[in-house]
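Participant: Let me begin by handing over the structure; questions about it come next.
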Amino acid sequence: MNMTPRPLLWARVVCVIVCASIASCGGGGGNGGGGSGFSGTIYHQVAAGDLDGDGLVDLAAIAVVYASAGTSIELQILLQDPANHGHFSIAQRLPLTTSAGALAIADLDGDNRLDVVVSEPGADQVRILLQDSTPGHFTVGETRPAPTHPTRVAVADIDQDGAPDIVVAVDEGVIALRQDPAVPGTFPFQTVIDGTQGSGFALAVKYQSLAVGDLNGDGLPDVATVRADSNARIYLQSATTPGAFMAVRLGLSLPEPTAVVVGDLDADKFDDIASGGISGYAGSAIAPLRLQNAGQPGTFLAP
């Protein structure tokens, strides 16, 4: 069945890929925007949620900032103006490493305030930023290693202990950084959902995106992924062993997949899957749907 997020504590994440990396934004890294002469900010990804508790939607964005002094990457917290709806101002800038992949918003430490998690593929780590007692203000919590090259992140309680965990797509597969309920906001435990994590061997086929939802109607969070070989896989959580998953392959013909989302797309109370990619021939975006078979949960109808 469809799992309804808790208001405010779980933010609907809207990812807008404007620039995949500094190298694709006019010349690459180095001082002065790689010699391109460009000065300004390019937003790489953005997520939406009420970050200061005023009932208005705010934004957290990964920004690539080009200036005469050099190029930097930062997380920007943009709060909506209560007196001028639809207008945002930068309330805080938090420096990131030389590369950043994706971000997600959720209440990670159970204090009823939204926090932010960012993947940093260049540093092989995931960074947790916790909101402090000042609404809309964040402090850097822990950074957790996530080798190799973490890209997409999602948040869900994957081990059913009541505390949200962080699901991460890495070169070696899919892992979960599990929270310690006794120390809210810390993620010392790691679970391998799929892949060769820990072997030091990066898969030849990269995981491009992931999403979390209930993909077999049992009320537990499962994981959907798309990979660079046009192969989509879902990982169904065991009903008897919390945090254990079984991989199921979905036959999708999707050139250059870039994204996957999960949600009830046909109003039957079962989560479905939509994925998007870029056609190498026509250059057009495509988004095939896989609707969950309500008569046989955990299976999906042909596109």
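All residue names refer to the structure tokens as shown: chains lettered A, B, ... in order, residues numbered from 1 in each chain, ligands numbered from 1 in order.
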Please identify all polymer residues within 6 Å of A:Val65, counting only C-alpha atoms, omitting same-chain residues fewer than 4 positions from it, and present them as a PyMOL selection string.

Facilitator: chain A and resi 40-41+71-72

Participant: I'd like the contact shell of A:Leu114 - 10 Å cut-off, only C-alpha atoms, skipping same-chain residues fewer than 6 positions apart - returned as a PyMOL selection string.

Facilitator: chain A and resi 8-11+49-53+105-108+129-132+135-136+138

Participant: Filtering to C-alpha atoms, could you give me those residues as an mmCIF file, in the first residue's frame?

Facilitator:
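And here is the file that came out, again.cif:
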data_model
loop_
_atom_site.group_PDB
_atom_site.id
_atom_site.type_symbol
_atom_site.label_atom_id
_atom_site.label_comp_id
_atom_site.auth_asym_id
_atom_site.auth_seq_id
_atom_site.Cartn_x
_atom_site.Cartn_y
_atom_site.Cartn_z
ATOM 1 C CA LEU A 8 6.594 18.661 7.448
ATOM 2 C CA LEU A 9 8.807 15.858 8.724
ATOM 3 C CA TRP A 10 9.217 14.345 5.290
ATOM 4 C CA ALA A 11 9.682 16.734 2.417
ATOM 5 C CA GLY A 49 10.449 21.708 2.214
ATOM 6 C CA ASP A 50 9.480 24.007 5.073
ATOM 7 C CA LEU A 51 12.961 24.623 6.444
ATOM 8 C CA ASP A 52 12.115 27.252 9.056
ATOM 9 C CA GLY A 53 8.734 26.058 10.338
ATOM 10 C CA ILE A 105 15.404 16.700 3.072
ATOM 11 C CA ALA A 106 13.907 14.936 6.120
ATOM 12 C CA ASP A 107 13.789 15.152 9.902
ATOM 13 C CA LEU A 108 16.897 13.068 10.557
ATOM 14 C CA LEU A 129 23.461 18.914 8.092
ATOM 15 C CA LEU A 130 21.187 19.219 11.106
ATOM 16 C CA GLN A 131 18.889 22.169 11.742
ATOM 17 C CA ASP A 132 19.671 23.777 15.079
ATOM 18 C CA PRO A 135 14.710 28.076 12.536
ATOM 19 C CA GLY A 136 16.226 27.663 9.084
ATOM 20 C CA PHE A 138 21.948 24.399 9.897
#

Participant: Could you name the residues that touch A:Val192 at 10 Å or less, counting only C-alpha atoms, but leaving out those on the same chain fewer than 2 positions away, as a list of chain:residue names?

Facilitator: A:Val167, A:Val168, A:Glu172, A:Gly173, A:Val174, A:Ile175, A:Ala176, A:Leu177, A:Gln190, A:Asp194, A:Gly195, A:Thr196, A:Gln197, A:Gly198, A:Gly243, A:Ala244, A:Phe245

Participant: Could those residues be written to a file, using C-alpha atoms, as a PDB file, in the first residue's frame?

Facilitator:
ATOM      1  CA  VAL A 167      19.874   5.067   1.273  1.00  0.00           C
ATOM      2  CA  VAL A 168      22.782   5.791  -1.086  1.00  0.00           C
ATOM      3  CA  GLU A 172      29.658  -0.524  -5.967  1.00  0.00           C
ATOM      4  CA  GLY A 173      25.887  -0.810  -5.645  1.00  0.00           C
ATOM      5  CA  VAL A 174      23.304   0.450  -3.145  1.00  0.00           C
ATOM      6  CA  ILE A 175      23.945   0.850   0.587  1.00  0.00           C
ATOM      7  CA  ALA A 176      22.053   2.136   3.604  1.00  0.00           C
ATOM      8  CA  LEU A 177      23.565   4.236   6.368  1.00  0.00           C
ATOM      9  CA  GLN A 190      26.021   0.333   7.204  1.00  0.00           C
ATOM     10  CA  ASP A 194      23.074  -4.662  -3.390  1.00  0.00           C
ATOM     11  CA  GLY A 195      26.500  -4.776  -5.022  1.00  0.00           C
ATOM     12  CA  THR A 196      30.096  -5.427  -4.066  1.00  0.00           C
ATOM     13  CA  GLN A 197      30.418  -2.798  -1.321  1.00  0.00           C
ATOM     14  CA  GLY A 198      33.653  -3.226   0.591  1.00  0.00           C
ATOM     15  CA  GLY A 243      16.768  -4.257   6.548  1.00  0.00           C
ATOM     16  CA  ALA A 244      17.220  -7.333   4.336  1.00  0.00           C
ATOM     17  CA  PHE A 245      16.307  -6.972   0.651  1.00  0.00           C
TER      18      PHE A 245
END

Participant: Based on DSSP run over this structure's backbone, return all residues of stretch 39-283 of chain A in strand (DSSP E), as a PyMOL selection string.

Facilitator: chain A and resi 40-49+58-67+70-80+88-95+103-106+115-120+125-131+138-145+153-156+165-170+173-178+189-195+207-213+222-227+232-237+245-250+257-263+272-278

Participant: I'd like the contact shell of A:Val183 - 12 Å cut-off, only C-alpha atoms, skipping same-chain residues fewer than 3 positions apart - returned as a PyMOL selection string.

Facilitator: chain A and resi 108-110+142+163+178-180+186-189

Participant: Can you measure atom CA of A:Val140 to atom CA of A:Arg127 for me? One decimal in Å is fine.

Facilitator: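 Spanning atom CA of A:Val140 to atom CA of A:Arg127 is a straight-line distance of 7.6 Å.
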
Participant: Of the candidates A:Ile128, A:Ala91, A:Met246, A:Ala224, which shows the shortest atom-to-atom distance to A:Pro184, using only C-alpha atoms?

Facilitator: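 The answer is A:Ile128, which sits nearest to A:Pro184.
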
Participant: Quick one: distance from atom CA of A:Val170 to atom CA of A:Ala156 in Å, one decimal?

Facilitator: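 Straight-line distance from atom CA of A:Val170 to atom CA of A:Ala156 works out to 17.1 Å.
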
Participant: Distance atom CA of A:Asp268-atom CA of A:Gln237, one decimal place?

Facilitator: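 For atom CA of A:Asp268 relative to atom CA of A:Gln237, the distance reads 21.1 Å.
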
Participant: Find the residues near A:Ala104: any atom within 7 Å, counting only C-alpha atoms, skip ones fewer than 2 places away on the same chain, and give them as a VMD selection string.

Facilitator: chain A and resid 13 47 106 116 to 118 153 to 154
